[in-house]
file final-v1.cif (mmCIF, C-alpha atoms and all ligand atoms)
data_entry
loop_
_atom_site.label_atom_id
_atom_site.label_comp_id
_atom_site.auth_asym_id
_atom_site.auth_seq_id
_atom_site.Cartn_x
_atom_site.Cartn_y
_atom_site.Cartn_z
CA MET A 1 -7.60 42.48 22.83
CA ARG A 2 -5.65 43.35 19.70
CA ARG A 3 -6.29 41.06 16.74
CA SER A 4 -2.72 39.73 16.62
CA ALA A 5 -2.80 38.91 20.36
CA MET A 6 -6.15 37.17 19.96
CA LEU A 7 -4.71 35.15 17.11
CA LEU A 8 -1.76 34.07 19.28
CA VAL A 9 -4.03 33.00 22.15
CA SER A 10 -6.34 31.03 19.87
CA LEU A 11 -3.35 29.43 18.14
CA ALA A 12 -1.90 28.37 21.50
CA LEU A 13 -5.26 27.01 22.65
CA GLY A 14 -5.63 25.23 19.35
CA LEU A 15 -2.25 23.52 19.71
CA CYS A 16 -3.09 22.34 23.25
CA VAL A 17 -6.36 20.82 22.09
CA GLN A 18 -4.70 19.18 19.12
CA THR A 19 -1.77 17.66 20.97
CA ALA A 20 -4.14 16.15 23.55
CA SER A 21 -5.68 13.97 20.86
CA ALA A 22 -3.14 13.75 18.10
CA LYS A 23 0.62 13.82 18.18
CA VAL A 24 3.47 13.34 15.77
CA THR A 25 7.17 13.05 16.59
CA GLU A 26 10.16 13.00 14.24
CA SER A 27 13.52 11.33 14.89
CA ASP A 28 16.60 10.11 13.02
CA PHE A 29 16.21 6.56 11.71
CA GLY A 30 19.80 6.33 10.44
CA LYS A 31 21.48 6.62 7.08
CA THR A 32 21.31 4.65 3.84
CA LYS A 33 24.47 2.95 2.53
CA ALA A 34 24.86 5.97 0.27
CA GLY A 35 24.89 8.23 3.35
CA VAL A 36 21.44 9.80 2.95
CA GLU A 37 19.67 10.59 6.24
CA VAL A 38 16.41 8.76 6.85
CA LYS A 39 13.72 10.13 9.18
CA LYS A 40 11.29 8.17 11.30
CA PHE A 41 7.91 9.57 12.33
CA GLU A 42 5.49 8.36 14.96
CA LEU A 43 1.81 9.34 14.98
CA THR A 44 -0.28 8.79 18.12
CA ASN A 45 -4.03 9.25 18.45
CA LYS A 46 -6.11 9.78 21.57
CA ASN A 47 -6.72 6.01 21.90
CA GLY A 48 -2.99 5.43 22.05
CA MET A 49 -2.86 3.82 18.59
CA LYS A 50 0.55 4.43 17.04
CA VAL A 51 1.70 4.50 13.43
CA ARG A 52 5.36 4.66 12.44
CA LEU A 53 6.61 5.85 9.06
CA SER A 54 10.00 6.04 7.38
CA SER A 55 11.12 8.56 4.80
CA ARG A 56 12.94 5.79 2.88
CA GLY A 57 10.23 4.58 0.56
CA ALA A 58 7.58 6.75 2.31
CA ALA A 59 6.96 3.49 4.15
CA LEU A 60 4.58 2.29 6.82
CA ILE A 61 6.93 0.61 9.29
CA GLY A 62 4.77 0.04 12.38
CA VAL A 63 1.11 0.01 13.45
CA ASP A 64 0.39 -0.62 17.16
CA VAL A 65 -3.26 -1.50 17.75
CA PRO A 66 -5.10 -3.13 20.68
CA ASP A 67 -6.82 -6.50 20.59
CA ARG A 68 -10.25 -7.16 22.12
CA ASP A 69 -8.69 -7.17 25.63
CA GLY A 70 -6.74 -3.97 25.04
CA LYS A 71 -3.41 -5.78 24.50
CA VAL A 72 -1.36 -3.84 21.96
CA ALA A 73 0.66 -5.45 19.13
CA ASP A 74 2.49 -4.15 16.08
CA VAL A 75 0.65 -5.69 13.12
CA VAL A 76 2.89 -4.81 10.16
CA PHE A 77 6.17 -6.25 8.92
CA GLY A 78 9.37 -4.25 8.96
CA PHE A 79 12.89 -3.92 10.33
CA ASP A 80 14.49 -2.17 13.30
CA ASP A 81 16.91 -0.19 11.16
CA VAL A 82 17.55 1.25 7.71
CA ALA A 83 20.04 -1.52 6.91
CA GLY A 84 17.21 -4.06 7.26
CA TYR A 85 15.13 -2.12 4.77
CA GLU A 86 18.10 -2.01 2.36
CA SER A 87 18.75 -5.76 2.68
CA ASP A 88 17.50 -8.61 0.48
CA ALA A 89 15.15 -9.63 3.30
CA ASN A 90 12.99 -6.59 2.49
CA ASP A 91 10.17 -7.70 0.22
CA TYR A 92 8.66 -4.22 -0.30
CA PHE A 93 7.64 -4.10 3.39
CA GLY A 94 5.20 -1.21 3.92
CA CYS A 95 6.62 0.88 1.10
CA THR A 96 5.01 3.29 -1.29
CA THR A 97 5.23 1.22 -4.47
CA GLY A 98 5.74 2.63 -7.95
CA ARG A 99 6.06 4.45 -10.25
CA TYR A 100 3.89 1.57 -11.49
CA ALA A 101 3.04 -0.96 -8.77
CA ASN A 102 2.48 -4.59 -9.82
CA ARG A 103 3.60 -6.10 -13.12
CA ILE A 104 4.11 -4.67 -16.60
CA ALA A 105 4.36 -7.37 -19.29
CA LYS A 106 7.74 -7.94 -20.95
CA ALA A 107 9.02 -4.83 -19.13
CA LYS A 108 7.85 -2.40 -21.80
CA PHE A 109 4.91 -0.34 -22.96
CA THR A 110 4.04 2.04 -25.76
CA LEU A 111 2.58 5.48 -25.11
CA ASP A 112 1.58 7.91 -27.87
CA GLY A 113 3.44 5.73 -30.37
CA LYS A 114 6.75 5.62 -28.49
CA GLU A 115 8.06 2.47 -26.82
CA TYR A 116 9.51 2.69 -23.30
CA LYS A 117 11.74 -0.05 -21.89
CA LEU A 118 11.77 -0.80 -18.18
CA ALA A 119 13.84 -3.09 -15.96
CA ALA A 120 12.93 -6.78 -16.26
CA ASN A 121 13.20 -7.54 -12.54
CA ASN A 122 10.60 -10.32 -12.31
CA GLY A 123 11.51 -12.88 -14.96
CA VAL A 124 10.78 -11.17 -18.26
CA ASN A 125 8.38 -8.74 -16.61
CA HIS A 126 8.70 -5.47 -14.72
CA LEU A 127 7.59 -5.40 -11.08
CA HIS A 128 6.92 -2.57 -8.62
CA GLY A 129 8.73 0.23 -10.41
CA GLY A 130 12.14 -1.28 -11.11
CA LYS A 131 15.49 -2.34 -9.73
CA THR A 132 17.43 0.41 -8.04
CA GLU A 133 15.48 3.65 -7.99
CA SER A 134 11.89 2.49 -7.60
CA LEU A 135 9.87 4.56 -5.12
CA ASP A 136 10.40 2.07 -2.28
CA LYS A 137 14.17 2.59 -2.46
CA VAL A 138 14.46 6.37 -2.62
CA VAL A 139 14.38 8.77 0.32
CA TRP A 140 11.36 11.08 0.39
CA THR A 141 11.03 14.38 2.26
CA GLY A 142 8.60 14.09 5.16
CA VAL A 143 6.83 17.03 6.81
CA PRO A 144 4.88 16.19 9.98
CA PHE A 145 1.63 17.96 10.86
CA GLU A 146 -1.02 18.09 13.59
CA LYS A 147 -4.34 19.73 12.79
CA ASP A 148 -8.06 19.40 13.52
CA GLY A 149 -7.55 16.44 15.86
CA VAL A 150 -5.50 14.38 13.42
CA SER A 151 -1.77 13.90 12.96
CA GLY A 152 0.16 12.96 9.89
CA VAL A 153 3.14 13.22 7.60
CA LYS A 154 3.19 14.53 4.07
CA PHE A 155 5.97 12.94 2.02
CA SER A 156 7.11 14.38 -1.26
CA TYR A 157 9.46 13.18 -3.96
CA THR A 158 10.24 14.24 -7.51
CA SER A 159 11.13 11.37 -9.79
CA PRO A 160 13.30 12.69 -12.63
CA ASP A 161 12.37 12.21 -16.29
CA GLY A 162 13.54 8.75 -17.36
CA GLN A 163 14.08 7.36 -13.85
CA GLU A 164 13.76 3.56 -14.08
CA GLY A 165 12.74 4.12 -17.73
CA TYR A 166 9.48 5.98 -17.04
CA PRO A 167 8.83 9.14 -19.07
CA GLY A 168 8.27 12.54 -17.46
CA LYS A 169 9.45 14.37 -14.35
CA GLN A 170 6.88 13.30 -11.80
CA ASP A 171 6.13 15.34 -8.65
CA MET A 172 4.46 13.18 -6.04
CA THR A 173 3.08 13.47 -2.52
CA VAL A 174 1.92 10.71 -0.21
CA THR A 175 0.12 11.89 2.93
CA PHE A 176 -0.52 9.57 5.87
CA THR A 177 -3.17 10.81 8.35
CA LEU A 178 -4.23 9.12 11.60
CA ASN A 179 -7.53 10.09 13.21
CA ASP A 180 -9.17 9.21 16.51
CA LYS A 181 -11.32 6.50 14.90
CA ASN A 182 -8.17 4.37 14.42
CA GLU A 183 -8.26 5.07 10.69
CA LEU A 184 -5.03 5.54 8.80
CA LYS A 185 -5.70 7.37 5.54
CA ILE A 186 -3.20 7.44 2.70
CA ASP A 187 -3.66 10.09 0.01
CA TYR A 188 -1.50 9.96 -3.10
CA SER A 189 -1.15 12.69 -5.67
CA ALA A 190 1.10 13.15 -8.68
CA LYS A 191 1.70 15.42 -11.64
CA SER A 192 3.94 14.87 -14.64
CA ASP A 193 5.48 17.20 -17.19
CA LYS A 194 5.17 14.55 -19.96
CA PRO A 195 2.59 11.84 -20.67
CA THR A 196 3.42 8.84 -18.47
CA VAL A 197 1.88 5.84 -16.72
CA ILE A 198 1.29 5.62 -12.98
CA ASN A 199 -0.01 3.22 -10.33
CA LEU A 200 0.95 3.94 -6.73
CA THR A 201 0.04 1.76 -3.76
CA ASN A 202 1.17 0.76 -0.29
CA HIS A 203 2.71 -2.66 0.21
CA ALA A 204 2.20 -3.22 3.96
CA TYR A 205 2.15 -6.85 5.13
CA PHE A 206 -0.43 -7.37 7.87
CA ASN A 207 -0.83 -10.08 10.47
CA LEU A 208 -3.45 -8.92 12.96
CA GLY A 209 -2.20 -11.40 15.56
CA GLY A 210 1.01 -9.36 15.57
CA ALA A 211 3.68 -9.34 12.87
CA GLY A 212 5.73 -12.51 13.29
CA SER A 213 2.74 -14.70 14.18
CA PRO A 214 3.13 -17.93 12.24
CA THR A 215 0.30 -17.79 9.71
CA ILE A 216 -2.23 -15.63 7.91
CA ASN A 217 -4.32 -18.67 7.01
CA ASP A 218 -6.36 -18.37 10.22
CA HIS A 219 -7.50 -14.84 9.33
CA VAL A 220 -10.96 -14.42 7.88
CA LEU A 221 -11.20 -12.27 4.76
CA LYS A 222 -14.10 -10.58 3.02
CA LEU A 223 -13.54 -9.09 -0.44
CA ASN A 224 -16.17 -6.92 -2.03
CA ALA A 225 -15.50 -8.33 -5.51
CA ASP A 226 -17.62 -10.41 -7.89
CA ASN A 227 -14.78 -10.56 -10.42
CA TYR A 228 -11.01 -10.81 -10.62
CA THR A 229 -8.49 -10.35 -13.41
CA PRO A 230 -7.03 -13.76 -14.44
CA VAL A 231 -3.29 -14.01 -15.17
CA ASP A 232 -1.03 -16.10 -17.42
CA ASP A 233 1.76 -18.27 -16.05
CA THR A 234 4.08 -15.26 -15.64
CA LEU A 235 1.38 -13.52 -13.57
CA ILE A 236 0.45 -11.05 -16.30
CA THR A 237 -3.23 -10.21 -16.59
CA THR A 238 -4.84 -11.67 -19.71
CA GLY A 239 -7.17 -8.68 -20.17
CA GLU A 240 -10.23 -10.66 -19.10
CA LYS A 241 -12.39 -10.32 -16.05
CA ALA A 242 -13.71 -13.56 -14.64
CA PRO A 243 -16.30 -14.26 -11.95
CA VAL A 244 -15.01 -15.43 -8.56
CA GLU A 245 -18.14 -17.59 -8.20
CA GLY A 246 -17.26 -21.25 -7.70
CA THR A 247 -13.52 -20.57 -7.29
CA PRO A 248 -11.23 -20.28 -4.22
CA LEU A 249 -11.22 -16.54 -4.98
CA ASP A 250 -14.79 -16.07 -3.82
CA PHE A 251 -14.45 -14.07 -0.59
CA ARG A 252 -17.81 -12.32 -0.88
CA THR A 253 -18.80 -14.22 2.24
CA PRO A 254 -16.12 -13.94 4.95
CA THR A 255 -13.90 -17.04 4.67
CA ALA A 256 -10.70 -18.20 6.36
CA ILE A 257 -7.75 -17.55 4.02
CA GLY A 258 -6.38 -21.06 4.62
CA LYS A 259 -9.59 -22.87 3.81
CA ARG A 260 -9.00 -23.14 0.05
CA VAL A 261 -5.46 -21.80 -0.41
CA ASP A 262 -3.98 -25.23 -1.15
CA GLU A 263 -6.12 -25.44 -4.30
CA LEU A 264 -3.91 -22.61 -5.61
CA THR A 265 -0.51 -23.89 -4.49
CA LYS A 266 0.23 -25.42 -7.89
CA THR A 267 -0.63 -22.26 -9.84
CA SER A 268 2.13 -19.80 -10.76
CA ALA A 269 0.86 -17.49 -7.99
CA LEU A 270 1.66 -20.27 -5.46
CA GLY A 271 -1.41 -19.24 -3.48
CA TYR A 272 -3.33 -15.99 -3.23
CA ASP A 273 -1.78 -13.29 -5.39
CA HIS A 274 -4.66 -11.89 -7.43
CA ASN A 275 -6.14 -8.58 -8.42
CA PHE A 276 -9.83 -8.26 -7.63
CA VAL A 277 -12.27 -5.95 -9.38
CA ILE A 278 -13.89 -4.00 -6.54
CA ASN A 279 -17.70 -3.81 -6.74
CA ARG A 280 -18.12 -0.06 -6.91
CA GLY A 281 -21.86 -0.01 -7.58
CA ASP A 282 -22.90 3.53 -8.46
CA ALA A 283 -19.89 5.12 -6.74
CA GLY A 284 -18.38 7.87 -8.87
CA GLU A 285 -14.71 8.71 -9.45
CA GLY A 286 -13.00 9.57 -6.16
CA GLU A 287 -15.76 8.05 -4.03
CA LEU A 288 -14.62 5.69 -1.32
CA VAL A 289 -15.93 2.12 -1.22
CA GLU A 290 -15.23 -0.73 1.22
CA ALA A 291 -13.01 -3.18 -0.65
CA ALA A 292 -11.91 -5.66 2.01
CA LYS A 293 -12.23 -6.66 5.63
CA LEU A 294 -9.69 -8.83 7.40
CA VAL A 295 -10.48 -10.33 10.83
CA ASP A 296 -8.22 -12.21 13.19
CA PRO A 297 -10.67 -14.36 15.19
CA LYS A 298 -8.05 -15.05 17.90
CA SER A 299 -7.16 -11.47 18.85
CA GLY A 300 -10.39 -9.91 17.58
CA ARG A 301 -8.42 -7.26 15.64
CA THR A 302 -9.97 -6.19 12.36
CA LEU A 303 -8.75 -4.22 9.36
CA THR A 304 -11.13 -2.66 6.84
CA VAL A 305 -9.74 -1.37 3.56
CA ILE A 306 -11.65 1.48 1.94
CA THR A 307 -10.61 3.04 -1.35
CA ASP A 308 -11.52 5.02 -4.45
CA GLN A 309 -9.47 2.65 -6.66
CA PRO A 310 -10.97 0.07 -9.05
CA GLY A 311 -8.77 -2.86 -7.99
CA ILE A 312 -7.17 -4.53 -4.98
CA GLN A 313 -4.30 -7.02 -5.06
CA PHE A 314 -4.67 -9.62 -2.34
CA TYR A 315 -1.24 -11.20 -1.87
CA GLY A 316 -1.00 -13.96 0.72
CA GLY A 317 2.75 -13.82 1.41
CA ASN A 318 3.62 -16.87 -0.70
CA PHE A 319 7.13 -15.64 -1.47
CA LEU A 320 8.12 -14.94 2.16
CA LYS A 321 11.12 -17.06 3.08
CA GLY A 322 11.35 -16.91 6.86
CA ASN A 323 13.74 -13.98 7.11
CA LYS A 324 14.03 -12.12 10.41
CA GLY A 325 12.38 -8.75 10.94
CA LYS A 326 11.62 -6.38 13.82
CA GLY A 327 12.69 -7.75 17.21
CA GLY A 328 14.18 -10.85 15.54
CA LYS A 329 10.75 -12.18 14.62
CA THR A 330 10.50 -14.63 11.72
CA TYR A 331 8.42 -13.67 8.70
CA GLY A 332 7.53 -17.04 7.21
CA HIS A 333 5.72 -18.35 4.12
CA ARG A 334 2.09 -17.11 4.21
CA SER A 335 2.50 -15.40 7.57
CA ALA A 336 1.04 -12.06 6.41
CA CYS A 337 -1.01 -10.61 3.60
CA CYS A 338 -1.00 -7.41 1.58
CA LEU A 339 -4.16 -5.64 0.44
CA GLU A 340 -2.89 -3.22 -2.20
CA THR A 341 -5.39 -0.77 -3.69
CA GLN A 342 -4.60 0.14 -7.30
CA VAL A 343 -5.59 0.13 -10.98
CA PHE A 344 -5.59 -3.24 -12.76
CA PRO A 345 -2.15 -4.79 -13.33
CA ASP A 346 -0.44 -4.23 -16.70
CA SER A 347 -2.77 -1.35 -17.61
CA PRO A 348 0.05 0.33 -19.62
CA ASN A 349 -0.24 -2.53 -22.16
CA LYS A 350 -4.02 -2.57 -22.14
CA GLN A 351 -4.72 1.04 -23.04
CA GLY A 352 -8.14 1.38 -24.63
CA LEU A 353 -9.20 -2.16 -23.74
CA GLU A 354 -12.89 -2.05 -22.91
CA GLY A 355 -13.65 -2.35 -19.21
CA TRP A 356 -9.99 -1.98 -18.26
CA THR A 357 -8.46 0.82 -16.17
CA ASP A 358 -6.73 3.97 -17.32
CA CYS A 359 -3.22 4.57 -15.95
CA VAL A 360 -2.04 7.38 -18.22
CA LEU A 361 -1.16 10.67 -16.54
CA ARG A 362 -0.88 13.68 -18.84
CA PRO A 363 0.62 17.13 -18.17
CA GLY A 364 -1.99 19.39 -16.57
CA ASP A 365 -3.85 16.43 -15.02
CA GLU A 366 -3.44 15.16 -11.49
CA TYR A 367 -3.26 11.56 -10.31
CA LYS A 368 -5.21 11.03 -7.08
CA HIS A 369 -5.71 7.92 -4.99
CA SER A 370 -7.02 7.49 -1.45
CA CYS A 371 -6.96 4.42 0.74
CA ILE A 372 -8.06 4.02 4.35
CA TYR A 373 -6.79 1.24 6.59
CA ALA A 374 -9.37 1.29 9.39
CA PHE A 375 -8.52 -0.78 12.48
CA GLY A 376 -11.03 -2.13 14.97
CA VAL A 377 -11.92 -5.05 17.22
CA GLU A 378 -14.63 -7.66 17.20
CA LYS A 379 -15.76 -9.42 20.36
C1 LIG B 1 3.22 -8.19 -4.95
C2 LIG B 1 3.01 -9.21 -6.01
C3 LIG B 1 3.61 -10.53 -5.63
C4 LIG B 1 5.02 -10.38 -5.13
C5 LIG B 1 5.09 -9.35 -4.03
C6 LIG B 1 6.49 -9.08 -3.58
O1 LIG B 1 2.26 -8.16 -3.99
O2 LIG B 1 1.66 -9.37 -6.35
O3 LIG B 1 3.58 -11.40 -6.72
O4 LIG B 1 5.85 -10.00 -6.20
O5 LIG B 1 4.54 -8.15 -4.45
O6 LIG B 1 7.16 -10.24 -3.24
#

call {"tool": "encode", "arguments": {"input": "final-v1.cif", "output": "structure tokens"}}
result
Amino acid sequence: MRRSAMLLVSLALGLCVQTASAKVTESDFGKTKAGVEVKKFELTNKNGMKVRLSSRGAALIGVDVPDRDGKVADVVFGFDDVAGYESDANDYFGCTTGRYANRIAKAKFTLDGKEYKLAANNGVNHLHGGKTESLDKVVWTGVPFEKDGVSGVKFSYTSPDGQEGYPGKQDMTVTFTLNDKNELKIDYSAKSDKPTVINLTNHAYFNLGGAGSPTINDHVLKLNADNYTPVDDTLITTGEKAPVEGTPLDFRTPTAIGKRVDELTKTSALGYDHNFVINRGDAGEGELVEAAKLVDPKSGRTLTVITDQPGIQFYGGNFLKGNKGKGGKTYGHRSACCLETQVFPDSPNKQGLEGWTDCVLRPGDEYKHSCIYAFGVEK
């Protein structure tokens, strides 16, 4: 057989094998108010697990996973259409968050001697990349792929120099990959043409009983963290690290979220909304470590969060107001939680602080971040 013919045959065989175990489809999700087309992607693995993604905000908009009896439910918050995502009811549901996720004190920072002003969209502070053109609100370009038994979508977006006040033209990709072990991997990468600050994450809200179930307080959480980063009354990190020992933040032994949450109701976080310092042991840069495990004892569904990042924000849905989401379901106070892998909050204002994280991205360097949301069941 001629080499080109052989190549065609092996390519065709390859595609058959791949589509049997991993599939991705692309469809129109609608248009933004500004008339920009939004695409929706659906990944399916050989177990029938499905992941849905939207190009607006490079967002995770659906995850269908079975419970211990094989009953499938969608476990992440979202909306049925683009208008829902553009409405006030959207509290960063499933989005790629940035250019700097979490808070930046007084909405400003200084880099190489120059001060940069950002939008104060959370009291006096800056939150999740800004007001109108943060990464959750822009439309990314998504390219679906199927290869080596996995399926995925690679989203890309170039944030112009000065967008939302951040310096540098920043080229970014966020790649979602679903494998046959029910693991959804998210790989972030970014480059900038000027020194800048960066902290990307995903802001999915999970309820393993099915999104719209009334509470997250019955879920059992384990956090691989001996320390957390305390905050002031505007939720800005103080620059300290404090032990979780003896506090309601000690999740080193799996504990129901609701067991001690009321001890935190009167704090400015209104409940769980803390960044934890992941115990990384001897793991080097880029090495993946288990940061968290969430279990829903009722359904048996589990979610393990594995990352190469130094921190994880555990947010217990304290600001949810009971708005309606997918299928008219109500997303109430503390009915889901986010487990957001990232650098420590307010790193732009803590440059050089011993033991703190680096968030500066310089031309020629590449920002990289990986996070795996691994789904399973317990009997
Ligand atoms: C993050 C923050 C919370 C809150 C939510 C969005 O997870 O930690 O304080 O701002 O986003 O409502």

call {"tool": "closest_atom_pairs", "arguments": {"input": "final-v1.cif", "of": "chain A", "to": "ligand LIG 1 (chain B)", "cutoff": "6 Å", "atoms": "only C-alpha atoms and all ligand atoms", "output": "CSV"}}
result
residue,atom,partner,partner_atom,distance
A:Asp91,CA,B:LIG1,O6,5.2
A:Asn102,CA,B:LIG1,O2,6.0
A:Asp273,CA,B:LIG1,O2,5.3
A:Tyr315,CA,B:LIG1,O1,5.1
A:Phe319,CA,B:LIG1,O6,5.7

call {"tool": "residues_near_point", "arguments": {"input": "final-v1.cif", "point": "(-7.4, 10.1, 19.0)", "cutoff": "6 Å", "atoms": "all atoms listed in the file", "output": "mmCIF file with C-alpha atoms, in the frame of the given file"}}
result
data_model
loop_
_atom_site.group_PDB
_atom_site.id
_atom_site.type_symbol
_atom_site.label_atom_id
_atom_site.label_comp_id
_atom_site.auth_asym_id
_atom_site.auth_seq_id
_atom_site.Cartn_x
_atom_site.Cartn_y
_atom_site.Cartn_z
ATOM 1 C CA SER A 21 -5.680 13.970 20.860
ATOM 2 C CA ALA A 22 -3.140 13.750 18.100
ATOM 3 C CA ASN A 45 -4.030 9.250 18.450
ATOM 4 C CA LYS A 46 -6.110 9.780 21.570
ATOM 5 C CA ASN A 47 -6.720 6.010 21.900
ATOM 6 C CA ASN A 179 -7.530 10.090 13.210
ATOM 7 C CA ASP A 180 -9.170 9.210 16.510
#

call {"tool": "atom_distance", "arguments": {"input": "final-v1.cif", "atom1": "atom CA of Tyr85 of chain A", "atom2": "atom CA of Ile104 of chain A"}}
result
24.2 Å

call {"tool": "residues_near_point", "arguments": {"input": "final-v1.cif", "point": "(9.4, -7.3, 13.3)", "cutoff": "8 Å", "atoms": "all atoms listed in the file", "output": "list in words"}}
result
Val76, Phe77, Gly78, Phe79, Asp80, Ala211, Gly212, Lys324, Gly325, Lys326, Gly327, Gly328, Lys329, Thr330 and Tyr331 of chain A

call {"tool": "closest_atom_pairs", "arguments": {"input": "final-v1.cif", "of": "segment 223-331 of chain A", "to": "segment 204-210 of chain A", "cutoff": "9 Å", "atoms": "only C-alpha atoms", "output": "CSV"}}
result
residue,atom,partner,partner_atom,distance
A:Leu294,CA,A:Leu208,CA,8.4
A:Val295,CA,A:Leu208,CA,7.5
A:Asp296,CA,A:Leu208,CA,5.8
A:Pro297,CA,A:Gly209,CA,9.0
A:Lys298,CA,A:Gly209,CA,7.3
A:Ser299,CA,A:Gly209,CA,6.0
A:Gly300,CA,A:Leu208,CA,8.4
A:Arg301,CA,A:Leu208,CA,5.9
A:Thr302,CA,A:Leu208,CA,7.1
A:Leu303,CA,A:Leu208,CA,7.9
A:Tyr315,CA,A:Tyr205,CA,8.9
A:Gly316,CA,A:Tyr205,CA,8.9
A:Gly317,CA,A:Tyr205,CA,7.9

call {"tool": "residues_around", "arguments": {"input": "final-v1.cif", "residues": "Tyr116 of chain A", "least_positions_apart": "3", "cutoff": "8 Å", "atoms": "only C-alpha atoms", "output": "list in words"}}
result
Lys108, Phe109, Thr110, Leu111, Gly165, Tyr166 and Pro167 of chain A

call {"tool": "atom_distance", "arguments": {"input": "final-v1.cif", "atom1": "atom CA of Ser27 of chain A", "atom2": "atom CA of Ala73 of chain A"}}
result
21.6 Å
